[in-house]
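Shown here: entry13.cif, mmCIF, C-alpha atoms and all ligand atoms.
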data_my_file
#
loop_
_atom_site.label_atom_id
_atom_site.label_comp_id
_atom_site.auth_asym_id
_atom_site.auth_seq_id
_atom_site.Cartn_x
_atom_site.Cartn_y
_atom_site.Cartn_z
CA MET A 1 -20.26 5.89 16.90
CA LEU A 2 -19.62 9.62 17.12
CA GLN A 3 -22.84 10.47 18.99
CA THR A 4 -21.08 12.82 21.42
CA VAL A 5 -19.14 14.40 18.56
CA LYS A 6 -22.51 15.04 16.93
CA GLU A 7 -23.65 16.86 20.08
CA GLN A 8 -20.45 18.87 20.57
CA ASP A 9 -19.11 19.50 17.05
CA ILE A 10 -21.70 19.21 14.34
CA GLU A 11 -19.34 20.54 11.67
CA LEU A 12 -16.91 17.67 12.13
CA TYR A 13 -19.70 15.14 12.52
CA LYS A 14 -21.10 16.21 9.16
CA ILE A 15 -17.72 15.79 7.49
CA VAL A 16 -17.49 12.19 8.74
CA GLU A 17 -21.08 11.57 7.68
CA GLU A 18 -20.41 12.98 4.21
CA GLU A 19 -17.24 10.91 3.83
CA LEU A 20 -19.05 7.74 4.94
CA ASN A 21 -21.70 8.42 2.32
CA ARG A 22 -18.96 8.89 -0.28
CA GLN A 23 -17.28 5.62 0.74
CA ARG A 24 -20.63 3.84 0.59
CA SER A 25 -21.75 5.17 -2.75
CA GLU A 26 -18.54 5.32 -4.80
CA ILE A 27 -16.48 2.55 -6.34
CA GLU A 28 -13.15 2.80 -4.58
CA MET A 29 -10.22 1.60 -6.65
CA ILE A 30 -7.18 3.46 -5.31
CA ALA A 31 -4.65 0.62 -5.05
CA SER A 32 -3.45 1.64 -1.59
CA GLU A 33 -6.92 1.76 -0.04
CA SER A 34 -9.08 -0.77 1.75
CA TYR A 35 -11.97 -0.83 4.20
CA VAL A 36 -10.90 -1.75 7.72
CA PRO A 37 -13.06 -3.87 10.01
CA THR A 38 -14.93 -2.06 12.81
CA GLN A 39 -12.55 -3.61 15.38
CA ILE A 40 -9.80 -1.43 13.89
CA LEU A 41 -11.99 1.66 14.16
CA GLU A 42 -12.72 0.81 17.79
CA LEU A 43 -9.10 0.14 18.77
CA GLN A 44 -7.81 3.24 16.98
CA GLY A 45 -10.41 5.25 18.87
CA SER A 46 -9.75 3.52 22.19
CA ILE A 47 -8.47 4.84 25.54
CA LEU A 48 -5.04 3.40 24.74
CA THR A 49 -4.43 6.75 23.04
CA ASN A 50 -4.07 8.31 26.51
CA LYS A 51 -0.85 6.55 27.44
CA THR A 52 2.43 8.28 26.69
CA THR A 53 5.47 6.11 26.49
CA GLU A 54 8.87 5.92 24.89
CA GLY A 55 11.17 2.93 24.54
CA PHE A 56 10.11 -0.69 24.20
CA PRO A 57 8.13 -3.14 26.35
CA GLY A 58 9.95 -3.74 29.63
CA ASN A 59 12.32 -0.85 28.99
CA ARG A 60 10.33 2.39 29.05
CA TYR A 61 11.03 6.01 29.85
CA HIS A 62 7.66 6.45 31.59
CA ALA A 63 5.93 4.66 34.45
CA GLY A 64 2.55 2.97 34.19
CA CYS A 65 3.33 0.83 31.17
CA ARG A 66 2.64 -2.60 32.65
CA VAL A 67 -0.66 -2.91 30.80
CA ILE A 68 0.11 -1.32 27.45
CA ASP A 69 3.34 -3.31 27.21
CA LYS A 70 1.10 -6.33 26.76
CA ALA A 71 -0.48 -4.77 23.66
CA GLU A 72 2.85 -3.98 22.01
CA ARG A 73 4.26 -7.43 22.87
CA LEU A 74 1.16 -9.08 21.42
CA GLY A 75 1.56 -7.09 18.21
CA ILE A 76 5.24 -7.97 17.93
CA GLU A 77 4.63 -11.68 18.49
CA ARG A 78 1.77 -11.76 16.00
CA ALA A 79 3.79 -9.91 13.32
CA LYS A 80 6.64 -12.39 13.77
CA LEU A 81 4.28 -15.35 13.58
CA LEU A 82 2.36 -14.05 10.57
CA PHE A 83 5.43 -13.28 8.48
CA LYS A 84 7.80 -15.87 9.99
CA ALA A 85 10.18 -13.08 10.91
CA GLU A 86 12.98 -13.16 13.46
CA HIS A 87 12.30 -9.66 14.81
CA ALA A 88 9.47 -7.14 14.48
CA ASN A 89 9.20 -3.49 15.38
CA ILE A 90 5.61 -2.24 15.18
CA GLN A 91 6.24 1.36 16.26
CA PRO A 92 6.76 3.12 12.88
CA HIS A 93 3.92 5.58 12.37
CA GLY A 94 3.69 4.72 8.67
CA GLY A 95 5.43 2.93 5.84
CA SER A 96 7.58 5.95 5.04
CA GLN A 97 8.73 6.11 8.66
CA ALA A 98 9.46 2.37 8.66
CA ASN A 99 11.75 2.93 5.68
CA GLN A 100 13.39 5.89 7.41
CA CYS A 101 13.99 3.70 10.50
CA VAL A 102 15.82 1.07 8.45
CA TYR A 103 17.90 3.73 6.71
CA ALA A 104 18.76 5.27 10.08
CA ALA A 105 19.68 1.83 11.42
CA ILE A 106 22.35 1.00 8.86
CA LEU A 107 23.22 4.07 6.78
CA GLU A 108 25.17 7.28 7.27
CA PRO A 109 24.22 10.44 5.36
CA GLY A 110 25.81 10.31 1.92
CA ASP A 111 25.89 6.50 1.72
CA THR A 112 25.07 4.93 -1.62
CA VAL A 113 21.76 3.06 -1.86
CA MET A 114 19.85 1.58 -4.78
CA GLY A 115 16.07 1.83 -5.22
CA MET A 116 13.47 1.58 -7.95
CA ARG A 117 12.66 4.72 -9.92
CA LEU A 118 9.55 6.51 -8.71
CA ASP A 119 8.35 7.18 -12.27
CA GLN A 120 8.55 3.48 -13.11
CA GLY A 121 6.70 2.16 -10.07
CA GLY A 122 8.97 2.76 -7.05
CA HIS A 123 8.10 4.79 -3.97
CA LEU A 124 8.88 8.34 -2.93
CA THR A 125 10.97 7.11 0.00
CA HIS A 126 13.15 4.95 -2.24
CA GLY A 127 15.36 7.89 -3.15
CA SER A 128 13.23 10.52 -4.82
CA LYS A 129 15.00 13.87 -4.82
CA VAL A 130 11.94 15.56 -3.33
CA ASN A 131 12.02 13.18 -0.35
CA LEU A 132 14.45 13.13 2.59
CA SER A 133 15.70 9.72 1.38
CA GLY A 134 16.97 11.30 -1.84
CA ARG A 135 18.41 14.29 -0.02
CA PHE A 136 20.22 12.38 2.73
CA TYR A 137 21.52 9.42 0.78
CA ASN A 138 23.13 8.93 -2.60
CA PHE A 139 20.38 6.91 -4.27
CA ILE A 140 21.10 5.21 -7.59
CA SER A 141 17.88 4.25 -9.36
CA TYR A 142 17.15 1.09 -11.28
CA GLY A 143 14.13 0.68 -13.51
CA LEU A 144 12.22 -1.40 -15.98
CA ASP A 145 13.03 -3.09 -19.24
CA ARG A 146 11.41 -1.09 -22.05
CA GLU A 147 10.13 -4.22 -23.84
CA THR A 148 8.77 -6.29 -20.97
CA GLU A 149 8.01 -3.39 -18.60
CA ARG A 150 9.31 -5.64 -15.81
CA ILE A 151 12.27 -4.90 -13.56
CA ASP A 152 15.49 -4.96 -15.57
CA TYR A 153 17.43 -7.29 -13.26
CA ASP A 154 20.49 -7.23 -15.53
CA GLU A 155 20.64 -3.44 -15.24
CA LEU A 156 20.12 -3.70 -11.49
CA GLU A 157 23.04 -6.14 -11.26
CA ARG A 158 25.26 -3.96 -13.44
CA LEU A 159 24.49 -0.86 -11.35
CA ALA A 160 25.13 -2.78 -8.12
CA HIS A 161 28.58 -3.84 -9.34
CA GLU A 162 29.33 -0.34 -10.55
CA HIS A 163 28.21 1.55 -7.41
CA HIS A 164 28.64 -0.96 -4.55
CA PRO A 165 25.62 0.29 -2.59
CA LYS A 166 25.44 -0.24 1.14
CA LEU A 167 21.75 -1.11 0.74
CA ILE A 168 19.53 -2.28 -2.11
CA VAL A 169 15.83 -1.46 -1.74
CA ALA A 170 13.14 -3.43 -3.57
CA GLY A 171 9.41 -2.91 -3.51
CA ALA A 172 7.04 -0.66 -5.40
CA SER A 173 3.80 1.24 -5.31
CA SER A 174 2.66 0.73 -8.89
CA TYR A 175 4.23 -2.50 -10.13
CA SER A 176 1.82 -5.29 -10.96
CA ARG A 177 4.24 -8.18 -11.17
CA ILE A 178 5.98 -10.45 -8.69
CA ILE A 179 9.41 -9.15 -7.78
CA ASP A 180 12.20 -11.75 -7.83
CA TYR A 181 13.37 -11.20 -4.25
CA GLU A 182 15.72 -14.18 -4.39
CA ARG A 183 17.55 -12.79 -7.40
CA ILE A 184 17.95 -9.32 -5.89
CA ALA A 185 19.14 -10.87 -2.62
CA LYS A 186 21.85 -12.72 -4.55
CA ILE A 187 22.90 -9.53 -6.31
CA ALA A 188 23.03 -7.71 -2.95
CA LYS A 189 25.15 -10.48 -1.45
CA SER A 190 27.55 -10.44 -4.37
CA VAL A 191 28.37 -6.76 -3.71
CA HIS A 192 28.25 -7.06 0.11
CA SER A 193 25.14 -4.89 0.24
CA LYS A 194 22.27 -5.25 2.67
CA PHE A 195 18.83 -5.92 1.21
CA MET A 196 15.54 -4.28 2.19
CA VAL A 197 12.09 -4.96 0.77
CA ASP A 198 9.26 -2.47 1.18
CA MET A 199 6.30 -4.83 0.81
CA ALA A 200 3.64 -2.27 1.79
CA HIS A 201 1.48 -2.82 -1.28
CA VAL A 202 1.53 -6.61 -1.23
CA ALA A 203 1.77 -7.33 2.51
CA GLY A 204 -1.78 -8.70 2.74
CA LEU A 205 -1.15 -10.96 -0.24
CA VAL A 206 2.11 -12.13 1.36
CA ALA A 207 0.31 -12.80 4.66
CA ALA A 208 -2.31 -14.80 2.81
CA GLY A 209 0.28 -16.83 0.90
CA VAL A 210 -0.91 -15.64 -2.51
CA HIS A 211 2.33 -13.73 -3.20
CA PRO A 212 5.92 -14.82 -2.43
CA SER A 213 7.29 -13.58 0.87
CA PRO A 214 10.44 -11.43 0.86
CA VAL A 215 11.15 -12.32 4.50
CA PRO A 216 13.45 -15.32 3.84
CA TYR A 217 15.60 -13.24 1.46
CA ALA A 218 15.77 -9.73 2.90
CA ASP A 219 17.72 -8.39 5.86
CA PHE A 220 14.89 -5.90 6.45
CA VAL A 221 11.24 -5.87 5.36
CA THR A 222 9.06 -2.80 5.85
CA SER A 223 5.35 -2.29 5.35
CA THR A 224 2.21 -0.47 6.23
CA THR A 225 -0.70 -2.18 7.96
CA THR A 226 -3.09 -0.41 5.59
CA LYS A 227 -3.25 -1.23 1.87
CA THR A 228 -3.78 -4.98 1.27
CA LEU A 229 -3.33 -5.79 4.98
CA ALA A 230 -6.52 -3.76 5.40
CA GLY A 231 -5.85 -2.77 8.98
CA ALA A 232 -4.42 -0.07 11.22
CA ARG A 233 -3.19 3.21 9.74
CA GLY A 234 0.50 2.67 10.45
CA GLY A 235 3.72 0.86 9.60
CA PHE A 236 6.10 -1.79 10.86
CA ALA A 237 9.52 -3.23 10.12
CA LEU A 238 10.83 -6.79 10.28
CA CYS A 239 14.47 -7.86 10.31
CA LYS A 240 16.90 -10.64 10.97
CA GLN A 241 17.78 -10.98 14.66
CA ASP A 242 21.30 -9.65 14.00
CA TYR A 243 19.86 -6.21 13.21
CA ALA A 244 17.17 -6.14 15.93
CA LYS A 245 18.96 -3.77 18.31
CA GLN A 246 20.05 -1.44 15.50
CA LEU A 247 16.51 -1.24 14.12
CA ASP A 248 14.90 -0.60 17.50
CA LYS A 249 17.44 2.07 18.41
CA ALA A 250 16.98 3.76 15.05
CA THR A 251 13.20 3.79 15.51
CA PHE A 252 13.41 5.20 19.04
CA PRO A 253 15.19 7.49 19.82
CA GLY A 254 16.55 7.72 16.25
CA VAL A 255 13.54 8.67 14.17
CA GLN A 256 10.42 8.76 16.34
CA GLY A 257 9.39 9.89 19.79
CA SER A 258 6.53 8.46 21.81
CA ALA A 259 4.70 5.41 20.57
CA HIS A 260 1.05 5.35 19.43
CA LEU A 261 -0.36 2.61 21.63
CA HIS A 262 -3.92 2.73 20.25
CA ILE A 263 -2.55 2.23 16.74
CA MET A 264 -0.21 -0.54 17.89
CA ALA A 265 -3.18 -2.37 19.39
CA ALA A 266 -4.96 -2.00 16.07
CA LYS A 267 -1.85 -3.37 14.33
CA ALA A 268 -1.94 -6.37 16.68
CA TYR A 269 -5.54 -6.98 15.63
CA THR A 270 -4.58 -6.55 11.96
CA PHE A 271 -1.99 -9.35 12.23
CA LYS A 272 -4.42 -11.68 14.04
CA ARG A 273 -7.10 -11.15 11.42
CA ALA A 274 -4.61 -11.71 8.58
CA MET A 275 -4.14 -15.28 9.88
CA THR A 276 -7.79 -16.21 9.31
CA THR A 277 -9.18 -18.28 6.45
CA GLU A 278 -11.64 -15.48 5.71
CA PHE A 279 -8.77 -13.03 5.14
CA ARG A 280 -6.84 -15.51 2.99
CA ASP A 281 -9.91 -16.15 0.82
CA CYS A 282 -10.43 -12.41 0.46
CA MET A 283 -6.84 -11.86 -0.71
CA LYS A 284 -7.16 -14.67 -3.27
CA GLN A 285 -10.25 -12.94 -4.59
CA VAL A 286 -8.43 -9.57 -4.69
CA VAL A 287 -5.93 -11.05 -7.16
CA LYS A 288 -8.62 -12.86 -9.19
CA ASN A 289 -10.56 -9.61 -9.43
CA ALA A 290 -7.51 -7.63 -10.59
CA GLN A 291 -6.81 -10.24 -13.26
CA LYS A 292 -10.41 -10.27 -14.42
CA LEU A 293 -10.54 -6.47 -14.61
CA ALA A 294 -7.28 -6.43 -16.61
CA GLN A 295 -8.73 -8.95 -19.04
CA VAL A 296 -12.00 -7.01 -19.51
CA LEU A 297 -10.14 -3.72 -19.98
CA LYS A 298 -7.89 -5.34 -22.57
CA GLU A 299 -10.90 -6.68 -24.44
CA ASN A 300 -12.27 -3.12 -24.29
CA GLY A 301 -9.26 -1.64 -26.09
CA PHE A 302 -7.09 -0.47 -23.18
CA ARG A 303 -3.42 -1.46 -22.98
CA ILE A 304 -2.41 -2.94 -19.64
CA VAL A 305 1.20 -2.32 -18.60
CA THR A 306 3.05 -5.70 -18.62
CA ASP A 307 -0.11 -7.12 -20.22
CA GLY A 308 -1.65 -8.11 -16.90
CA THR A 309 -1.11 -8.45 -13.18
CA ASP A 310 0.03 -10.87 -10.47
CA ASN A 311 -1.25 -8.82 -7.56
CA HIS A 312 -3.94 -6.38 -6.44
CA LEU A 313 -3.30 -3.62 -8.97
CA LEU A 314 -3.01 -2.86 -12.64
CA VAL A 315 -1.57 0.10 -14.49
CA VAL A 316 -3.56 1.08 -17.56
CA ASP A 317 -1.98 2.86 -20.54
CA LEU A 318 -4.62 5.27 -21.87
CA ARG A 319 -2.88 6.25 -25.09
CA THR A 320 -4.96 3.77 -27.09
CA LYS A 321 -7.97 5.83 -25.98
CA ASN A 322 -6.28 9.17 -26.66
CA LEU A 323 -6.71 10.16 -23.01
CA THR A 324 -4.33 11.29 -20.29
CA GLY A 325 -4.36 9.93 -16.75
CA ALA A 326 -5.56 13.29 -15.41
CA GLN A 327 -8.52 13.35 -17.82
CA PHE A 328 -9.56 9.79 -17.10
CA GLU A 329 -9.14 10.13 -13.33
CA LYS A 330 -11.41 13.20 -13.37
CA ALA A 331 -14.01 11.61 -15.65
CA LEU A 332 -14.13 8.47 -13.51
CA GLU A 333 -14.39 10.52 -10.31
CA ASP A 334 -17.30 12.43 -11.82
CA VAL A 335 -19.24 9.17 -12.28
CA GLY A 336 -18.24 7.86 -8.84
CA ILE A 337 -15.26 5.60 -9.60
CA THR A 338 -12.08 6.54 -7.71
CA VAL A 339 -8.66 5.72 -9.21
CA ASN A 340 -5.43 7.69 -9.45
CA LYS A 341 -3.52 9.00 -12.43
CA ASN A 342 -0.20 7.20 -12.69
CA MET A 343 2.93 7.32 -14.81
CA ILE A 344 3.29 4.41 -17.21
CA PRO A 345 6.85 3.14 -17.82
CA PHE A 346 8.84 5.66 -19.93
CA ASP A 347 5.87 8.02 -19.79
CA PRO A 348 6.18 11.06 -22.09
CA GLN A 349 3.75 13.01 -19.88
CA LYS A 350 4.48 14.95 -16.69
CA PRO A 351 3.58 13.41 -13.26
CA MET A 352 0.49 15.62 -12.81
CA ILE A 353 -0.82 14.63 -16.26
CA THR A 354 0.47 11.08 -16.95
CA SER A 355 -0.53 8.59 -19.64
CA GLY A 356 -2.04 6.09 -17.27
CA VAL A 357 -4.11 5.27 -14.24
CA ARG A 358 -3.47 2.79 -11.43
CA ILE A 359 -6.42 0.67 -10.40
CA GLY A 360 -6.60 -1.56 -7.32
CA THR A 361 -9.18 -4.15 -6.33
CA THR A 362 -8.66 -4.51 -2.55
CA ALA A 363 -11.39 -2.20 -1.27
CA MET A 364 -14.14 -3.42 -3.58
CA THR A 365 -13.24 -7.05 -2.95
CA ILE A 366 -13.54 -6.44 0.79
CA LYS A 367 -16.98 -4.98 0.06
CA GLY A 368 -17.86 -8.29 -1.58
CA MET A 369 -17.36 -7.76 -5.30
CA LYS A 370 -16.26 -10.63 -7.51
CA GLU A 371 -15.48 -11.28 -11.17
CA ASP A 372 -19.01 -10.42 -12.37
CA GLU A 373 -18.74 -6.94 -10.88
CA MET A 374 -15.24 -6.53 -12.37
CA GLU A 375 -16.74 -7.18 -15.76
CA ILE A 376 -19.40 -4.53 -15.15
CA MET A 377 -16.75 -2.07 -14.00
CA GLY A 378 -14.43 -2.78 -16.92
CA ASN A 379 -17.36 -2.07 -19.23
CA MET A 380 -18.29 1.11 -17.37
CA MET A 381 -14.68 2.30 -17.64
CA LYS A 382 -14.77 1.73 -21.39
CA ALA A 383 -18.05 3.62 -21.62
CA VAL A 384 -16.52 6.56 -19.72
CA ALA A 385 -13.39 6.58 -21.88
CA ASP A 386 -15.37 6.40 -25.12
CA ASN A 387 -17.86 9.09 -24.07
CA ILE A 388 -15.66 11.49 -22.16
CA ASP A 389 -17.44 14.58 -23.56
CA ARG A 390 -21.00 13.24 -23.54
CA ALA A 391 -22.64 14.51 -20.37
CA THR A 392 -25.86 12.52 -20.72
CA VAL A 393 -23.99 9.23 -21.21
CA LEU A 394 -21.82 10.00 -18.17
CA GLU A 395 -24.91 10.86 -16.09
CA ASN A 396 -26.32 7.48 -16.98
CA ILE A 397 -23.09 5.70 -15.97
CA LYS A 398 -23.16 7.59 -12.66
CA LYS A 399 -26.59 6.11 -11.97
CA GLN A 400 -25.26 2.63 -12.79
CA VAL A 401 -22.35 3.17 -10.37
CA LEU A 402 -24.76 4.12 -7.60
CA GLU A 403 -26.95 1.14 -8.35
CA LEU A 404 -23.97 -1.24 -8.21
CA SER A 405 -22.60 0.31 -4.99
CA SER A 406 -25.98 0.11 -3.28
CA LYS A 407 -25.84 -3.69 -3.54
CA PHE A 408 -22.84 -3.80 -1.17
CA SER A 409 -23.16 -2.51 2.37
CA LEU A 410 -20.46 -0.72 4.35
CA TYR A 411 -20.41 -0.01 8.12
CA GLU A 412 -24.12 -0.56 8.55
CA GLY A 413 -25.38 1.10 11.74
CA TYR A 414 -22.17 3.15 12.07
CA PHE A 415 -23.93 6.14 13.60
CA ASP A 416 -26.49 4.16 15.60
CA ASN A 417 -24.78 4.09 18.99
N1 LIG B 1 2.38 5.25 -1.65
C1 LIG B 1 1.08 5.77 -1.84
C2 LIG B 1 0.27 4.88 -2.73
O1 LIG B 1 0.75 3.84 -3.13
O2 LIG B 1 -0.86 5.24 -3.04
C3 LIG B 1 0.36 5.99 -0.54
O3 LIG B 1 0.41 4.86 0.26
#

As structure tokens, please, write out the structure in this file.
Ligand code: DSN
Amino acid sequence: MLQTVKEQDIELYKIVEEELNRQRSEIEMIASESYVPTQILELQGSILTNKTTEGFPGNRYHAGCRVIDKAERLGIERAKLLFKAEHANIQPHGGSQANQCVYAAILEPGDTVMGMRLDQGGHLTHGSKVNLSGRFYNFISYGLDRETERIDYDELERLAHEHHPKLIVAGASSYSRIIDYERIAKIAKSVHSKFMVDMAHVAGLVAAGVHPSPVPYADFVTSTTTKTLAGARGGFALCKQDYAKQLDKATFPGVQGSAHLHIMAAKAYTFKRAMTTEFRDCMKQVVKNAQKLAQVLKENGFRIVTDGTDNHLLVVDLRTKNLTGAQFEKALEDVGITVNKNMIPFDPQKPMITSGVRIGTTAMTIKGMKEDEMEIMGNMMKAVADNIDRATVLENIKKQVLELSSKFSLYEGYFDN
């Protein structure tokens, strides 16, 4: 790939080459990342990018759509089949846009909505004041129980009865436990609220059947096709048939303009691949790996938020190691392990410092790592934490990281043709 780019734009070629080397040599544990199959790279780089169109298959604002309509229809049908959904819209450019499309479908500016607090695991688009969601709508936040560090469903119910939201949003970007979708759906029903689940982080696990599906309970389900779905860089939204027209109209012309056909084709491939046994086995291993890593870290003196995990990620409280998230993130990056600093529940630190890190196992599981490698990594993380100021020890760990990474290949022959 990229041979003509190499000839025409060596600066850009070198950036891609450098990034590929980074992805090959480092241990990638950002919970929202994965490695996509080469079919996704090919489709996202395909000639489908040339077609401009607005509207939906069979009802377009531009001529010449008879072929690309097939790609979007295929993606829609596969999304519906995979998640057993009544309606799918695969046009949202990302997860944030998918959320915006649902909001635009059923809310008016100023409407009251409930979402999970960003600093306790929620997402920016679930009502943060620095995001359009928090500026356009009156978001009331629910959070976690201080003892269990799990969603405080009683508080959620109390707030719902107090504020009568038009929509309740569930879903998170740093919550390691199963969310009780059925219970929140009942609460939503009891206050005549609609219910949306943003399943972006767990969508691959849901597709593989290793995590409960929100689809039977929610009026709307949004997601990305990246993260655990390990596919196209984009989003999609599912809904009950009753809301299909509203959702489509909100997506186009409400929120977005022309569709990205090359990405929609890659989404269609993502859904097909997520139905395979190979993908299901991989997702099972993602969860096993996260649980193993949590156990090893615990044995190594770290505190794990909620004491463990049910999914692909864990949030680690670093206070037992007298470290901040920013310090540990930097030290791990220096030895070649990539994680992100993350607020722990009721964190006394600021968001750019934090008391924790979030660690995900999707990418490394896709590369082929299993429990044995999780043990090695948990031990390396302890060694980094315990030797944060010892340059020679850290140099040695960096060599171990390289050695471990070199055992797992990534995009072999990428630049060969
Ligand atoms: N929401 C951000 C994350 O979870 O990392 C980006 O997808």

* Asked: Using only C-alpha atoms, which of the listed residues (A:Arg22, A:Lys245, A:Lys70, A:His62) sits closest to Val102 (chain A)?
  -> A:Lys245

* **Test item: residues lying within 9 Å of ligand LIG 1 (chain B) with only C-alpha atoms and all ligand atoms, as a PyMOL selection string** => chain A and resi 30-33+95-96+122-125+172-174+200-201+224+226-227+340

Output C-alpha atoms for every residue in that selection, as a short mmCIF file (atom, residue, chain, number, x, y, z; two decimals), keeping the file's coordinate frame.
data_model
loop_
_atom_site.label_atom_id
_atom_site.label_comp_id
_atom_site.auth_asym_id
_atom_site.auth_seq_id
_atom_site.Cartn_x
_atom_site.Cartn_y
_atom_site.Cartn_z
CA ILE A 30 -7.18 3.46 -5.31
CA ALA A 31 -4.65 0.62 -5.05
CA SER A 32 -3.45 1.64 -1.59
CA GLU A 33 -6.92 1.76 -0.04
CA GLY A 95 5.43 2.93 5.84
CA SER A 96 7.58 5.95 5.04
CA GLY A 122 8.97 2.76 -7.05
CA HIS A 123 8.10 4.79 -3.97
CA LEU A 124 8.88 8.34 -2.93
CA THR A 125 10.97 7.11 0.00
CA ALA A 172 7.04 -0.66 -5.40
CA SER A 173 3.80 1.24 -5.31
CA SER A 174 2.66 0.73 -8.89
CA ALA A 200 3.64 -2.27 1.79
CA HIS A 201 1.48 -2.82 -1.28
CA THR A 224 2.21 -0.47 6.23
CA THR A 226 -3.09 -0.41 5.59
CA LYS A 227 -3.25 -1.23 1.87
CA ASN A 340 -5.43 7.69 -9.45
#

* Asked: So how many Å separate CA of Ile353 (chain A) and CA of Glu329 (chain A), to one decimal?
  -> 9.9 Å

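If you count all atoms listed in the file and draw a sphere of 7 Å around (-5.7, -19.1, -1.1), the protein and nucleic acid residues inside it come out as A:Ala208, A:Gly209, A:Val210, A:Arg280, A:Asp281, A:Lys284.
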
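Distance-wise, CA of Gly75 (chain A) and CA of Lys267 (chain A) end up 6.4 Å apart.
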
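For the residues A:Pro37, A:Gln44, A:Glu26, A:Met116, ranking by smallest atom-to-atom distance to Tyr411 (chain A) using all atoms listed in the file places A:Pro37 first.
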
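Minimum distance to Asn342 (chain A) across A:Leu118, A:Ala250, A:Cys239, A:Leu229 (counting only C-alpha atoms) occurs at A:Leu118.
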
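Between Met199 (chain A) and the candidates A:Lys186, A:Glu157, A:Pro165, A:Ala237, the tightest atom-to-atom separation, counting only C-alpha atoms, involves A:Ala237.
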
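With distances restricted to all atoms listed in the file, A:Asn379 is the closest residue to Phe302 (chain A) from A:Ser223, A:Gln246, A:Ser46, A:Asn379.
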